[in-house]
Amino acid sequence: MIDRDKYKNRVELIQGTLDMLILRTLQWGPQHGYGIVQALRVKSGDVLQVETGSLYPALHRLERQGWVRAEWKQSESNQRAKFYRITAAGKKQLTSDLSRWQKMVAAVGAIMQGEPEGKDA
């Protein structure tokens with residue numbers, strides 16, 4: 001049975017947005033997967049809850065692009081974990097993504113705040 005309340009307030013991310021958010025999170029310092037998920041959840045005020053089924057494919061994609069690097073280390077809880085860090089190419093990509101994101105937000109905002117034109121709108 002599907003728990004409809006669990007998905008009621010779920011926010012779907014625009015394709016590519018998760019990559020941008022991961023890169024932004026890694027600007028704050030190297031992090032393992034669980035730490036990235038927690039940072040996104042906390043910084044978004046519990047609105048964004050990224051599932052591991054979305055996170056790890058995104059991290060692997062970012063790694064293939066050369067935008068993040070990963071290495072195995074000990075976590076705070078003495079567990080072996082893969083830590084990701086943003087590369088110089090990742091920082092450059094994030095700057096580009098942020099610029100496109102800001103244009104998208106402005107465009108959507110203009111449409112949503114605008115008054116309809118004509119009588120029939």
# chains A, B, ... in the order shown; residues from 1 in each chain; ligands from 1
$ residues_around --residues "Ala39 in chain A" --least-positions-apart "6" --cutoff "12 Å" --atoms "only C-alpha atoms" --output "JSON, numbers by chain"
{"A": [21, 22, 23, 24, 25, 26, 27, 28, 29, 30, 31, 32, 33, 45, 46, 47, 48, 49, 50]}
$ residues_around --residues "Ala70 in chain A" --least-positions-apart "4" --cutoff "10 Å" --atoms "only C-alpha atoms" --output "short mmCIF file (atom, residue, chain, number, x, y, z; two decimals) with C-alpha atoms, in the first residue's frame"
data_model
loop_
_atom_site.label_atom_id
_atom_site.label_comp_id
_atom_site.auth_asym_id
_atom_site.auth_seq_id
_atom_site.Cartn_x
_atom_site.Cartn_y
_atom_site.Cartn_z
CA PRO A 30 34.17 16.89 1.21
CA GLN A 31 31.24 14.71 2.21
CA HIS A 32 30.04 11.12 2.04
CA LEU A 59 27.39 11.11 -7.84
CA HIS A 60 28.67 8.51 -10.30
CA GLU A 63 32.51 11.58 -11.10
CA ALA A 81 32.81 5.57 3.53
CA LYS A 82 33.39 7.08 0.12
CA PHE A 83 33.97 10.82 0.46
CA TYR A 84 33.32 13.10 -2.49
CA ARG A 85 34.91 16.47 -3.16
CA ILE A 86 34.32 19.02 -5.88
#
$ residues_around --residues "range 96-101 of chain A" --least-positions-apart "3" --cutoff "10 Å" --atoms "only C-alpha atoms" --output "NGL selection string"
:A and (16-17 or 19-21 or 23-24 or 90-93 or 104-107)
$ select_by_dssp --residues "range 19-99 of chain A" --states "strand (DSSP E)" --output "number ranges by chain"
A: 31-32, 68-74, 80-86
$ write_last_selection --atoms "N, CA and C atoms" --output "short mmCIF file (atom, residue, chain, number, x, y, z; two decimals), in the first residue's frame"
data_model
loop_
_atom_site.label_atom_id
_atom_site.label_comp_id
_atom_site.auth_asym_id
_atom_site.auth_seq_id
_atom_site.Cartn_x
_atom_site.Cartn_y
_atom_site.Cartn_z
N GLN A 31 32.36 15.32 1.50
CA GLN A 31 31.24 14.71 2.21
C GLN A 31 30.97 13.32 1.65
N HIS A 32 30.49 12.43 2.50
CA HIS A 32 30.04 11.12 2.04
C HIS A 32 28.56 11.24 1.65
N VAL A 68 33.54 15.76 -9.71
CA VAL A 68 33.83 15.36 -8.33
C VAL A 68 34.87 14.25 -8.35
N ARG A 69 35.57 14.13 -7.25
CA ARG A 69 36.50 13.02 -7.04
C ARG A 69 36.09 12.33 -5.76
N ALA A 70 36.34 11.04 -5.72
CA ALA A 70 35.95 10.27 -4.54
C ALA A 70 37.15 9.50 -4.00
N GLU A 71 37.16 9.33 -2.67
CA GLU A 71 38.16 8.48 -2.04
C GLU A 71 37.57 7.87 -0.77
N TRP A 72 38.04 6.67 -0.47
CA TRP A 72 37.57 5.98 0.73
C TRP A 72 38.28 6.52 1.96
N LYS A 73 37.50 6.81 3.01
CA LYS A 73 38.03 7.31 4.29
C LYS A 73 37.17 6.75 5.42
N GLN A 74 37.60 7.03 6.62
CA GLN A 74 36.81 6.68 7.80
C GLN A 74 35.83 7.81 8.10
N ARG A 80 33.86 2.82 7.14
CA ARG A 80 34.54 3.13 5.89
C ARG A 80 33.49 3.71 4.95
N ALA A 81 33.77 4.89 4.40
CA ALA A 81 32.81 5.57 3.53
C ALA A 81 33.54 6.25 2.38
N LYS A 82 32.84 6.38 1.27
CA LYS A 82 33.39 7.08 0.12
C LYS A 82 33.08 8.56 0.27
N PHE A 83 34.12 9.37 0.32
CA PHE A 83 33.97 10.82 0.46
C PHE A 83 34.15 11.47 -0.91
N TYR A 84 33.29 12.40 -1.21
CA TYR A 84 33.32 13.10 -2.49
C TYR A 84 33.77 14.53 -2.26
N ARG A 85 34.52 15.07 -3.21
CA ARG A 85 34.91 16.47 -3.16
C ARG A 85 34.79 17.06 -4.55
N ILE A 86 34.48 18.34 -4.61
CA ILE A 86 34.32 19.02 -5.88
C ILE A 86 35.69 19.32 -6.47
#
$ closest_residue --among "A:Ser44, A:Arg64, A:Glu117, A:Tyr56" --to "Ala89 in chain A" --atoms "only C-alpha atoms"
A:Arg64
$ atom_distance --atom1 "CA of Gln79 in chain A" --atom2 "CA of Ile36 in chain A"
16.0 Å
$ decode --residues "range 66-107 of chain A" --atoms "N, CA and C atoms" --output "PDB file, in the first residue's frame"
ATOM      1  N   GLY A  66      34.120  14.284 -14.268  1.00  0.00           N
ATOM      2  CA  GLY A  66      35.310  14.909 -13.706  1.00  0.00           C
ATOM      3  C   GLY A  66      34.990  16.091 -12.801  1.00  0.00           C
ATOM      4  N   TRP A  67      33.728  16.197 -12.398  1.00  0.00           N
ATOM      5  CA  TRP A  67      33.300  17.322 -11.566  1.00  0.00           C
ATOM      6  C   TRP A  67      33.449  17.035 -10.080  1.00  0.00           C
ATOM      7  N   VAL A  68      33.539  15.762  -9.708  1.00  0.00           N
ATOM      8  CA  VAL A  68      33.833  15.365  -8.326  1.00  0.00           C
ATOM      9  C   VAL A  68      34.867  14.254  -8.352  1.00  0.00           C
ATOM     10  N   ARG A  69      35.570  14.131  -7.249  1.00  0.00           N
ATOM     11  CA  ARG A  69      36.504  13.020  -7.041  1.00  0.00           C
ATOM     12  C   ARG A  69      36.086  12.333  -5.761  1.00  0.00           C
ATOM     13  N   ALA A  70      36.342  11.042  -5.718  1.00  0.00           N
ATOM     14  CA  ALA A  70      35.954  10.273  -4.536  1.00  0.00           C
ATOM     15  C   ALA A  70      37.152   9.497  -3.999  1.00  0.00           C
ATOM     16  N   GLU A  71      37.157   9.334  -2.673  1.00  0.00           N
ATOM     17  CA  GLU A  71      38.159   8.484  -2.039  1.00  0.00           C
ATOM     18  C   GLU A  71      37.566   7.871  -0.773  1.00  0.00           C
ATOM     19  N   TRP A  72      38.045   6.671  -0.465  1.00  0.00           N
ATOM     20  CA  TRP A  72      37.566   5.978   0.730  1.00  0.00           C
ATOM     21  C   TRP A  72      38.283   6.524   1.957  1.00  0.00           C
ATOM     22  N   LYS A  73      37.500   6.809   3.012  1.00  0.00           N
ATOM     23  CA  LYS A  73      38.029   7.307   4.287  1.00  0.00           C
ATOM     24  C   LYS A  73      37.171   6.751   5.421  1.00  0.00           C
ATOM     25  N   GLN A  74      37.599   7.032   6.623  1.00  0.00           N
ATOM     26  CA  GLN A  74      36.811   6.684   7.805  1.00  0.00           C
ATOM     27  C   GLN A  74      35.832   7.811   8.099  1.00  0.00           C
ATOM     28  N   SER A  75      34.584   7.473   8.330  1.00  0.00           N
ATOM     29  CA  SER A  75      33.582   8.476   8.675  1.00  0.00           C
ATOM     30  C   SER A  75      33.692   8.823  10.161  1.00  0.00           C
ATOM     31  N   GLU A  76      32.859   9.774  10.588  1.00  0.00           N
ATOM     32  CA  GLU A  76      32.842  10.178  11.995  1.00  0.00           C
ATOM     33  C   GLU A  76      32.505   9.003  12.913  1.00  0.00           C
ATOM     34  N   SER A  77      31.751   8.051  12.375  1.00  0.00           N
ATOM     35  CA  SER A  77      31.339   6.891  13.181  1.00  0.00           C
ATOM     36  C   SER A  77      32.257   5.684  12.962  1.00  0.00           C
ATOM     37  N   ASN A  78      33.474   5.955  12.481  1.00  0.00           N
ATOM     38  CA  ASN A  78      34.480   4.912  12.238  1.00  0.00           C
ATOM     39  C   ASN A  78      34.058   3.876  11.197  1.00  0.00           C
ATOM     40  N   GLN A  79      33.163   4.254  10.315  1.00  0.00           N
ATOM     41  CA  GLN A  79      32.749   3.390   9.206  1.00  0.00           C
ATOM     42  C   GLN A  79      33.570   3.784   7.977  1.00  0.00           C
ATOM     43  N   ARG A  80      33.859   2.822   7.143  1.00  0.00           N
ATOM     44  CA  ARG A  80      34.536   3.126   5.888  1.00  0.00           C
ATOM     45  C   ARG A  80      33.489   3.706   4.945  1.00  0.00           C
ATOM     46  N   ALA A  81      33.769   4.889   4.395  1.00  0.00           N
ATOM     47  CA  ALA A  81      32.806   5.565   3.526  1.00  0.00           C
ATOM     48  C   ALA A  81      33.543   6.254   2.384  1.00  0.00           C
ATOM     49  N   LYS A  82      32.844   6.377   1.274  1.00  0.00           N
ATOM     50  CA  LYS A  82      33.392   7.077   0.116  1.00  0.00           C
ATOM     51  C   LYS A  82      33.076   8.559   0.272  1.00  0.00           C
ATOM     52  N   PHE A  83      34.119   9.371   0.316  1.00  0.00           N
ATOM     53  CA  PHE A  83      33.966  10.815   0.456  1.00  0.00           C
ATOM     54  C   PHE A  83      34.153  11.470  -0.912  1.00  0.00           C
ATOM     55  N   TYR A  84      33.287  12.399  -1.210  1.00  0.00           N
ATOM     56  CA  TYR A  84      33.320  13.102  -2.489  1.00  0.00           C
ATOM     57  C   TYR A  84      33.767  14.531  -2.256  1.00  0.00           C
ATOM     58  N   ARG A  85      34.523  15.071  -3.213  1.00  0.00           N
ATOM     59  CA  ARG A  85      34.906  16.473  -3.156  1.00  0.00           C
ATOM     60  C   ARG A  85      34.788  17.056  -4.552  1.00  0.00           C
ATOM     61  N   ILE A  86      34.483  18.337  -4.609  1.00  0.00           N
ATOM     62  CA  ILE A  86      34.318  19.019  -5.878  1.00  0.00           C
ATOM     63  C   ILE A  86      35.690  19.322  -6.472  1.00  0.00           C
ATOM     64  N   THR A  87      35.803  19.227  -7.786  1.00  0.00           N
ATOM     65  CA  THR A  87      37.052  19.536  -8.485  1.00  0.00           C
ATOM     66  C   THR A  87      36.972  20.955  -9.048  1.00  0.00           C
ATOM     67  N   ALA A  88      38.083  21.424  -9.608  1.00  0.00           N
ATOM     68  CA  ALA A  88      38.084  22.745 -10.253  1.00  0.00           C
ATOM     69  C   ALA A  88      37.080  22.764 -11.399  1.00  0.00           C
ATOM     70  N   ALA A  89      37.014  21.674 -12.164  1.00  0.00           N
ATOM     71  CA  ALA A  89      36.044  21.591 -13.266  1.00  0.00           C
ATOM     72  C   ALA A  89      34.614  21.599 -12.713  1.00  0.00           C
ATOM     73  N   GLY A  90      34.413  20.982 -11.556  1.00  0.00           N
ATOM     74  CA  GLY A  90      33.096  20.982 -10.918  1.00  0.00           C
ATOM     75  C   GLY A  90      32.692  22.372 -10.468  1.00  0.00           C
ATOM     76  N   LYS A  91      33.651  23.141  -9.965  1.00  0.00           N
ATOM     77  CA  LYS A  91      33.363  24.521  -9.550  1.00  0.00           C
ATOM     78  C   LYS A  91      32.964  25.368 -10.754  1.00  0.00           C
ATOM     79  N   LYS A  92      33.648  25.152 -11.864  1.00  0.00           N
ATOM     80  CA  LYS A  92      33.324  25.881 -13.090  1.00  0.00           C
ATOM     81  C   LYS A  92      31.924  25.496 -13.576  1.00  0.00           C
ATOM     82  N   GLN A  93      31.620  24.216 -13.524  1.00  0.00           N
ATOM     83  CA  GLN A  93      30.291  23.739 -13.922  1.00  0.00           C
ATOM     84  C   GLN A  93      29.213  24.317 -13.015  1.00  0.00           C
ATOM     85  N   LEU A  94      29.473  24.360 -11.727  1.00  0.00           N
ATOM     86  CA  LEU A  94      28.509  24.905 -10.772  1.00  0.00           C
ATOM     87  C   LEU A  94      28.214  26.367 -11.080  1.00  0.00           C
ATOM     88  N   THR A  95      29.230  27.128 -11.413  1.00  0.00           N
ATOM     89  CA  THR A  95      29.037  28.542 -11.771  1.00  0.00           C
ATOM     90  C   THR A  95      28.110  28.652 -12.980  1.00  0.00           C
ATOM     91  N   SER A  96      28.336  27.809 -13.981  1.00  0.00           N
ATOM     92  CA  SER A  96      27.492  27.798 -15.181  1.00  0.00           C
ATOM     93  C   SER A  96      26.056  27.372 -14.838  1.00  0.00           C
ATOM     94  N   ASP A  97      25.929  26.312 -14.043  1.00  0.00           N
ATOM     95  CA  ASP A  97      24.604  25.822 -13.637  1.00  0.00           C
ATOM     96  C   ASP A  97      23.844  26.884 -12.853  1.00  0.00           C
ATOM     97  N   LEU A  98      24.536  27.576 -11.953  1.00  0.00           N
ATOM     98  CA  LEU A  98      23.902  28.594 -11.126  1.00  0.00           C
ATOM     99  C   LEU A  98      23.377  29.743 -11.984  1.00  0.00           C
ATOM    100  N   SER A  99      24.142  30.134 -12.974  1.00  0.00           N
ATOM    101  CA  SER A  99      23.715  31.200 -13.874  1.00  0.00           C
ATOM    102  C   SER A  99      22.443  30.789 -14.619  1.00  0.00           C
ATOM    103  N   ARG A 100      22.429  29.573 -15.151  1.00  0.00           N
ATOM    104  CA  ARG A 100      21.235  29.074 -15.859  1.00  0.00           C
ATOM    105  C   ARG A 100      20.054  28.951 -14.906  1.00  0.00           C
ATOM    106  N   TRP A 101      20.316  28.491 -13.687  1.00  0.00           N
ATOM    107  CA  TRP A 101      19.247  28.338 -12.690  1.00  0.00           C
ATOM    108  C   TRP A 101      18.614  29.693 -12.368  1.00  0.00           C
ATOM    109  N   GLN A 102      19.444  30.702 -12.168  1.00  0.00           N
ATOM    110  CA  GLN A 102      18.934  32.035 -11.842  1.00  0.00           C
ATOM    111  C   GLN A 102      18.066  32.589 -12.977  1.00  0.00           C
ATOM    112  N   LYS A 103      18.459  32.338 -14.223  1.00  0.00           N
ATOM    113  CA  LYS A 103      17.651  32.762 -15.369  1.00  0.00           C
ATOM    114  C   LYS A 103      16.310  32.033 -15.380  1.00  0.00           C
ATOM    115  N   MET A 104      16.340  30.730 -15.067  1.00  0.00           N
ATOM    116  CA  MET A 104      15.118  29.926 -15.039  1.00  0.00           C
ATOM    117  C   MET A 104      14.173  30.420 -13.937  1.00  0.00           C
ATOM    118  N   VAL A 105      14.701  30.672 -12.770  1.00  0.00           N
ATOM    119  CA  VAL A 105      13.889  31.164 -11.651  1.00  0.00           C
ATOM    120  C   VAL A 105      13.267  32.517 -12.010  1.00  0.00           C
ATOM    121  N   ALA A 106      14.047  33.395 -12.612  1.00  0.00           N
ATOM    122  CA  ALA A 106      13.528  34.707 -13.002  1.00  0.00           C
ATOM    123  C   ALA A 106      12.432  34.566 -14.057  1.00  0.00           C
ATOM    124  N   ALA A 107      12.641  33.679 -15.026  1.00  0.00           N
ATOM    125  CA  ALA A 107      11.648  33.495 -16.087  1.00  0.00           C
ATOM    126  C   ALA A 107      10.346  32.915 -15.542  1.00  0.00           C
TER     127      ALA A 107
END
